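Dumped target_23.txt below, it's compact mmCIF, C-alpha atoms:
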```
# COMPACT_ATOMS: atom_id res chain seq x y z
CA MET A 1 82.79 104.68 108.29
CA ASP A 2 85.05 107.40 106.92
CA ALA A 3 87.64 105.97 104.53
CA ALA A 4 90.39 107.87 106.33
CA ILE A 5 89.89 105.86 109.50
CA ARG A 6 88.82 102.49 108.05
CA PRO A 7 90.81 99.66 109.71
CA ARG A 8 93.37 98.19 107.36
CA THR A 9 94.33 94.59 108.10
CA SER A 10 96.52 91.98 106.44
CA ALA A 11 96.02 88.25 106.16
CA ALA A 12 98.03 86.35 108.75
CA ILE A 13 100.48 83.58 107.94
CA PRO A 14 99.10 80.30 109.33
CA LEU A 15 101.05 79.40 112.47
CA ARG A 16 102.68 76.04 113.08
CA PHE A 17 102.48 76.77 116.80
CA SER A 18 99.47 78.58 118.21
CA TYR A 19 98.32 79.24 121.75
CA ALA A 20 95.32 77.75 123.43
CA PRO A 21 92.86 80.47 124.44
CA GLY A 22 93.73 82.34 127.59
CA GLY A 23 96.95 83.01 129.37
CA VAL A 24 100.36 81.44 129.29
CA ALA A 25 103.45 82.89 130.91
CA GLY A 26 106.95 83.15 129.53
CA THR A 27 110.34 84.82 129.88
CA SER A 28 113.04 86.48 127.87
CA PHE A 29 115.35 83.91 126.28
CA LYS A 30 119.01 84.22 127.21
CA PRO A 31 121.58 81.90 125.59
CA GLU A 32 123.18 81.06 128.94
CA HIS A 33 119.88 79.45 129.98
CA LEU A 34 119.53 77.16 126.96
CA ALA A 35 121.05 74.04 128.52
CA ALA A 36 118.85 74.32 131.62
CA ILE A 37 115.75 74.87 129.48
CA LEU A 38 116.49 71.89 127.25
CA ASP A 39 117.06 69.66 130.28
CA GLU A 40 113.47 70.25 131.36
CA CYS A 41 110.36 68.78 129.83
CA PRO A 42 108.64 70.94 127.22
CA GLN A 43 106.51 73.53 128.95
CA CYS A 44 103.33 75.35 128.04
CA GLY A 45 105.05 78.73 128.38
CA PHE A 46 106.89 80.70 125.73
CA PHE A 47 110.10 82.66 125.15
CA GLU A 48 110.71 86.13 123.75
CA VAL A 49 113.68 87.01 121.57
CA HIS A 50 114.74 90.39 120.22
CA ALA A 51 114.57 90.22 116.45
CA GLU A 52 117.77 92.19 115.92
CA ASN A 53 119.83 89.49 117.66
CA TYR A 54 118.90 86.97 114.94
CA MET A 55 119.14 88.92 111.71
CA GLY A 56 122.22 87.07 110.49
CA ALA A 57 121.75 84.16 108.11
CA GLY A 58 122.96 81.42 110.45
CA GLY A 59 125.57 80.51 113.02
CA PRO A 60 125.25 79.75 116.75
CA PRO A 61 122.39 82.20 117.44
CA HIS A 62 120.13 80.44 114.95
CA ARG A 63 121.19 76.95 116.03
CA MET A 64 120.16 77.84 119.60
CA LEU A 65 116.89 79.38 118.48
CA GLU A 66 116.05 76.36 116.35
CA GLN A 67 116.58 74.10 119.36
CA LEU A 68 114.37 76.28 121.52
CA ARG A 69 111.67 76.55 118.85
CA ARG A 70 111.22 72.78 118.58
CA ASP A 71 109.36 72.58 121.88
CA HIS A 72 108.39 76.15 122.73
CA PRO A 73 106.42 78.92 121.04
CA LEU A 74 108.26 82.17 120.45
CA SER A 75 107.45 85.85 120.77
CA LEU A 76 109.46 87.92 118.28
CA HIS A 77 110.04 91.40 119.72
CA GLY A 78 111.50 94.12 117.54
CA VAL A 79 113.45 96.98 119.11
CA CYS A 80 114.89 98.91 116.12
CA MET A 81 112.11 99.32 113.55
CA SER A 82 111.69 103.00 114.49
CA ILE A 83 107.91 102.89 113.98
CA GLY A 84 107.64 106.53 115.05
CA GLY A 85 110.64 107.85 113.15
CA PRO A 86 110.26 110.66 110.60
CA ALA A 87 112.10 108.78 107.84
CA PRO A 88 110.72 105.86 105.81
CA LEU A 89 111.26 102.45 107.35
CA ASP A 90 114.59 100.82 106.56
CA ARG A 91 113.71 98.35 103.80
CA THR A 92 116.66 96.06 104.54
CA HIS A 93 115.76 95.89 108.22
CA LEU A 94 112.10 95.22 107.41
CA ALA A 95 113.06 92.43 104.98
CA ARG A 96 115.17 90.76 107.67
CA PHE A 97 112.32 91.10 110.15
CA ARG A 98 109.91 89.56 107.65
CA GLY A 99 112.35 86.70 107.07
CA LEU A 100 112.49 85.90 110.78
CA VAL A 101 108.70 85.79 111.00
CA ALA A 102 108.54 83.40 108.05
CA ARG A 103 111.41 81.25 109.36
CA TYR A 104 110.28 80.79 112.97
CA GLN A 105 106.52 81.37 112.75
CA PRO A 106 106.37 83.09 116.16
CA ALA A 107 103.12 83.00 118.07
CA LEU A 108 103.43 86.74 118.78
CA VAL A 109 105.15 89.57 116.89
CA SER A 110 105.62 93.02 118.42
CA GLU A 111 107.37 96.38 118.15
CA HIS A 112 107.58 99.61 120.15
CA LEU A 113 105.77 102.92 119.87
CA ALA A 114 109.04 104.83 119.64
CA TRP A 115 111.72 106.05 117.27
CA SER A 116 115.42 105.18 117.21
CA THR A 117 116.85 106.52 113.94
CA HIS A 118 117.81 109.87 112.46
CA GLU A 119 119.05 110.00 108.88
CA THR A 120 121.87 107.41 108.90
CA SER A 121 122.27 107.27 112.69
CA PHE A 122 120.83 104.49 114.87
CA PHE A 123 120.38 105.13 118.58
CA ASN A 124 120.54 102.42 121.21
CA ASP A 125 117.34 103.74 122.77
CA LEU A 126 113.56 103.85 122.37
CA LEU A 127 112.81 107.55 122.14
CA PRO A 128 109.39 109.16 122.84
CA LEU A 129 107.03 110.82 120.39
CA PRO A 130 104.79 113.89 120.43
CA TYR A 131 101.19 112.74 120.21
CA THR A 132 99.99 114.83 117.28
CA GLN A 133 98.00 114.22 114.10
CA ALA A 134 101.19 114.29 112.03
CA THR A 135 102.84 111.67 114.24
CA LEU A 136 99.66 109.60 114.20
CA ALA A 137 99.58 109.48 110.41
CA ARG A 138 103.24 108.50 110.22
CA VAL A 139 102.95 105.74 112.83
CA CYS A 140 99.87 104.30 111.12
CA ASP A 141 101.59 104.29 107.73
CA HIS A 142 104.61 102.50 109.19
CA ILE A 143 102.49 99.89 110.96
CA ASP A 144 100.55 99.27 107.75
CA GLU A 145 103.86 98.72 105.96
CA VAL A 146 105.11 96.27 108.58
CA GLN A 147 101.84 94.31 108.67
CA GLU A 148 101.76 94.11 104.89
CA ALA A 149 105.32 92.77 104.91
CA ILE A 150 104.82 90.12 107.61
CA ARG A 151 101.22 89.37 106.52
CA ARG A 152 99.84 89.29 110.03
CA PRO A 153 98.89 91.75 112.77
CA LEU A 154 101.61 93.44 114.78
CA LEU A 155 101.38 94.09 118.52
CA LEU A 156 102.36 97.68 119.40
CA GLU A 157 103.94 98.28 122.83
CA ASN A 158 103.24 101.36 124.94
CA PRO A 159 106.46 103.20 125.88
CA SER A 160 108.20 104.08 129.11
CA THR A 161 108.94 107.81 128.97
CA TYR A 162 111.06 110.37 130.78
CA VAL A 163 109.99 113.52 128.95
CA ALA A 164 106.68 114.79 127.57
CA PHE A 165 106.05 117.12 124.62
CA ARG A 166 104.20 120.44 124.83
CA ASP A 167 103.16 119.89 121.21
CA SER A 168 101.05 116.81 122.06
CA THR A 169 97.38 117.29 121.27
CA MET A 170 96.06 113.97 122.61
CA SER A 171 96.78 111.62 125.48
CA GLU A 172 98.95 108.56 125.05
CA THR A 173 95.98 106.24 125.52
CA ASP A 174 93.93 108.12 122.91
CA PHE A 175 96.86 108.00 120.52
CA ILE A 176 97.36 104.26 120.98
CA ARG A 177 93.63 103.57 120.68
CA THR A 178 93.42 105.49 117.41
CA VAL A 179 96.48 103.74 115.98
CA ALA A 180 94.92 100.35 116.73
CA GLU A 181 91.57 101.36 115.22
CA ARG A 182 93.12 102.71 112.02
CA THR A 183 95.61 99.91 111.38
CA GLY A 184 93.93 96.87 112.92
CA CYS A 185 97.07 96.15 114.94
CA GLY A 186 96.96 94.58 118.37
CA LEU A 187 98.57 95.96 121.51
CA LEU A 188 101.29 94.80 123.84
CA LEU A 189 100.59 96.30 127.25
CA ASP A 190 103.81 96.75 129.21
CA ILE A 191 102.61 97.30 132.76
CA ASN A 192 106.07 98.17 134.06
CA ASN A 193 106.24 100.91 131.42
CA VAL A 194 102.93 102.29 132.67
CA PHE A 195 104.20 102.36 136.26
CA VAL A 196 107.53 103.94 135.27
CA SER A 197 105.89 106.67 133.17
CA ALA A 198 103.21 107.35 135.79
CA THR A 199 105.84 107.82 138.49
CA ASN A 200 108.06 110.01 136.32
CA HIS A 201 105.25 112.28 135.09
CA GLY A 202 103.08 112.28 138.19
CA PHE A 203 99.90 110.75 136.78
CA SER A 204 97.85 107.81 138.04
CA ALA A 205 98.76 104.40 136.64
CA LEU A 206 95.25 103.22 137.54
CA HIS A 207 93.64 106.03 135.58
CA TYR A 208 95.90 105.29 132.60
CA LEU A 209 94.94 101.62 132.63
CA ALA A 210 91.25 102.48 133.00
CA ASP A 211 91.52 104.44 129.72
CA PHE A 212 93.70 101.90 127.91
CA PRO A 213 91.97 99.83 125.16
CA LEU A 214 92.38 96.53 127.00
CA ALA A 215 90.20 94.63 124.53
CA ARG A 216 92.98 94.97 121.93
CA VAL A 217 95.74 93.65 124.21
CA GLY A 218 97.24 90.42 122.88
CA GLU A 219 100.25 90.23 125.20
CA ILE A 220 101.42 91.70 128.50
CA HIS A 221 104.96 92.53 129.58
CA LEU A 222 106.24 92.65 133.15
CA ALA A 223 109.73 93.72 134.17
CA GLY A 224 111.86 95.25 136.87
CA HIS A 225 112.86 98.90 137.09
CA ALA A 226 115.51 100.94 138.87
CA GLY A 227 115.23 104.18 140.84
CA GLN A 228 117.45 107.22 140.40
CA SER A 229 117.24 110.92 141.23
CA ASP A 230 116.75 113.64 138.64
CA ASP A 231 118.53 117.02 138.65
CA GLU A 232 116.07 118.35 141.24
CA GLY A 233 116.47 115.37 143.56
CA GLU A 234 113.09 113.85 142.63
CA LEU A 235 112.62 110.14 142.09
CA LEU A 236 113.16 109.02 138.50
CA LEU A 237 112.37 105.44 137.49
CA ILE A 238 114.32 103.73 134.70
CA ASP A 239 112.86 100.82 132.73
CA SER A 240 116.03 98.81 133.36
CA HIS A 241 114.87 95.17 133.07
CA ASP A 242 117.62 94.23 135.51
CA GLY A 243 115.73 92.84 138.50
CA PRO A 244 112.53 91.20 139.69
CA VAL A 245 109.08 92.61 139.03
CA ALA A 246 108.15 95.18 141.70
CA ASP A 247 105.23 94.56 144.05
CA ALA A 248 103.34 97.58 142.69
CA VAL A 249 103.62 96.21 139.14
CA TRP A 250 102.36 92.80 140.26
CA LYS A 251 99.33 94.55 141.79
CA LEU A 252 98.60 96.44 138.58
CA PHE A 253 98.93 93.16 136.68
CA GLU A 254 96.30 91.55 138.87
CA ILE A 255 93.96 94.50 138.26
CA VAL A 256 94.46 94.29 134.48
CA ILE A 257 93.88 90.54 134.39
CA ALA A 258 90.70 90.95 136.44
CA ARG A 259 89.41 93.40 133.81
CA ARG A 260 90.84 91.93 130.59
CA GLY A 261 91.01 88.23 131.37
CA ALA A 262 94.07 86.04 130.97
CA VAL A 263 96.37 86.82 128.03
CA PRO A 264 99.95 85.67 127.27
CA THR A 265 102.27 87.36 129.77
CA LEU A 266 106.03 87.67 129.56
CA VAL A 267 108.62 88.62 132.17
CA GLU A 268 111.51 90.61 130.67
CA TRP A 269 114.97 90.48 132.23
CA ASP A 270 117.71 91.85 129.97
CA SER A 271 120.70 92.75 132.17
CA ASN A 272 122.22 91.45 135.40
CA ILE A 273 120.89 88.13 134.16
CA PRO A 274 120.15 85.70 137.02
CA ASP A 275 120.37 81.92 136.94
CA TRP A 276 117.52 80.21 135.12
CA PRO A 277 115.57 79.16 138.26
CA VAL A 278 115.19 82.83 139.28
CA LEU A 279 113.73 83.87 135.95
CA LYS A 280 111.60 80.75 135.80
CA ALA A 281 110.14 81.60 139.22
CA GLU A 282 109.11 85.07 137.99
CA ALA A 283 107.21 83.48 135.11
CA ALA A 284 105.64 80.98 137.51
CA ALA A 285 104.37 83.88 139.66
CA ALA A 286 102.72 85.42 136.59
CA LYS A 287 101.23 82.05 135.64
CA ALA A 288 99.77 81.67 139.15
CA ILE A 289 97.88 84.96 138.74
CA LEU A 290 96.60 83.88 135.32
CA ASP A 291 95.52 80.50 136.72
CA ARG A 292 93.59 82.15 139.55
CA ARG A 293 91.72 84.20 136.96
CA PHE A 294 90.87 81.03 135.04
CA ALA A 295 89.64 79.35 138.22
CA MET A 296 87.44 82.34 139.03
CA GLU A 297 85.95 82.32 135.53
CA ASP A 298 85.26 78.57 135.79
CA ARG A 299 83.45 79.07 139.11
CA HIS A 300 81.32 81.82 137.64
CA ALA A 301 80.55 79.70 134.56
CA ALA A 302 79.45 76.84 136.81
```
Give the structure from the file, written as structure tokens.
Amino acid sequence: MDAAIRPRTSAAIPLRFSYAPGGVAGTSFKPEHLAAILDECPQCGFFEVHAENYMGAGGPPHRMLEQLRRDHPLSLHGVCMSIGGPAPLDRTHLARFRGLVARYQPALVSEHLAWSTHETSFFNDLLPLPYTQATLARVCDHIDEVQEAIRRPLLLENPSTYVAFRDSTMSETDFIRTVAERTGCGLLLDINNVFVSATNHGFSALHYLADFPLARVGEIHLAGHAGQSDDEGELLLIDSHDGPVADAVWKLFEIVIARRGAVPTLVEWDSNIPDWPVLKAEAAAAKAILDRRFAMEDRHAA
């Protein structure tokens, strides 16, 4: 194998809380749901938190997270690392991220294929990248740096996009596949992002998923989206995370699970937050699909 494309992996920190093989379902953690969650018996599901919300040293956010972590595994999801940014990674931010991984020993750790910084400015957005050799090298270097810092593989999430670059020389799936091969990272497949991007750019979500390296997927995201109109009156989908998972996304999820098998699946809901039973029901719907896959595999094994 050519040294330039040899996978580079880091030793993982042993986890205090690991998953059984196969699929579990979880939800975004919202502080207003903590009391309801703690009133229930410990569950086999998990909760995702955005790393940037817990980068302080202590206080109420950490007290809540410590309570949650006693009985539930966590997925730590970064949103501001700027993996695709042109500048070096922010060392202070990376150190805080590393500290959270060491402190809470999450079962899953992930970040986005996107950029969100320019010089000293930070944007409250996950911005798209051109898929070029130069971008590829930069993303791989940044992922290597993160994995070396946290001493475990990172899951990289596919983006939702609203523009495409004429400079791109490879498809998104080829880009993501090559990143995973070069760095040894895993992938977080956000199926809602696939559906949003496919609708906005006019390509087939099914064809995208058929070309996606499913064997490297260690987690799946599901979420709701919102429809708007662009300047020409055409439908534009926004990855809003403010409502239930759409029927079309549930269907794509079933197709992916049939091909990949059951993997940990999380329902994101980040604005217009409903009461806990609503979010819990979304996770239960995902778990039902995973369980049907398990039952089918058991029948075939018998």
Point (97.5, 117.8, 116.6) neighbourhood (8 Å, all atoms listed in the file) written as a PyMOL selection string: chain A and resi 131-134+167-170
Write out the residues from the selection above, keeping C-alpha atoms, as a CSV table (one decimal), in the frame of the given file.
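Produced file out01.csv, reproduced below:
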```csv
chain,number,residue,atom,x,y,z
A,131,TYR,CA,101.2,112.7,120.2
A,132,THR,CA,100.0,114.8,117.3
A,133,GLN,CA,98.0,114.2,114.1
A,134,ALA,CA,101.2,114.3,112.0
A,167,ASP,CA,103.2,119.9,121.2
A,168,SER,CA,101.0,116.8,122.1
A,169,THR,CA,97.4,117.3,121.3
A,170,MET,CA,96.1,114.0,122.6
```
Straight-line distance linking CA of Asn158 (chain A) with CA of Glu52 (chain A), stated in Å to one decimal: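 Taking CA of Asn158 (chain A) as the start and CA of Glu52 (chain A) as the end point, the length is 19.4 Å.
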Residue nearest Met81 (chain A) - candidates A:Thr178, A:Ile143, A:Glu232, A:Arg103, atoms counted: all atoms listed in the file: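 Distance minimum relative to Met81 (chain A) lands on A:Ile143.
Here the question is which of A:Ala283, A:Arg151, A:Leu65, A:Ser28 gets nearest to Asp242 (chain A) using all atoms listed in the file, and that residue is A:Ser28.
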Put a box with edges along x, y and z around all the listed atoms of region 288-294 of chain A, pad it by 5 Å on each side, then give me its centre and sizes in Å, one decimal, as AutoDock Vina command-line options.
```
--center_x 95.3 --center_y 82.7 --center_z 137.3 --size_x 18.9 --size_y 14.5 --size_z 14.5
```
Nearest candidate to Thr117 (chain A) (options A:Ser82, A:Asn272, A:Thr161, A:Asn53; using all atoms listed in the file):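 Closest candidate: A:Ser82.
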For CA of Gly218 (chain A) and CA of Thr199 (chain A), the interatomic separation in Å (one decimal):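 Computing the Euclidean distance for CA of Gly218 (chain A) and CA of Thr199 (chain A) yields 24.9 Å.
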CA of Val24 (chain A) to CA of Pro264 (chain A), straight-line distance in Å: 4.7 Å
Proximity to Asp230 (chain A) - best of A:Leu38, A:Leu206, A:Glu145, A:Tyr162, only C-alpha atoms: A:Tyr162
Residues within 10 Å of (105.9, 113.0, 134.2), counting all atoms listed in the file, listed as a ChimeraX atom specification: /A:161-164,196-203,236
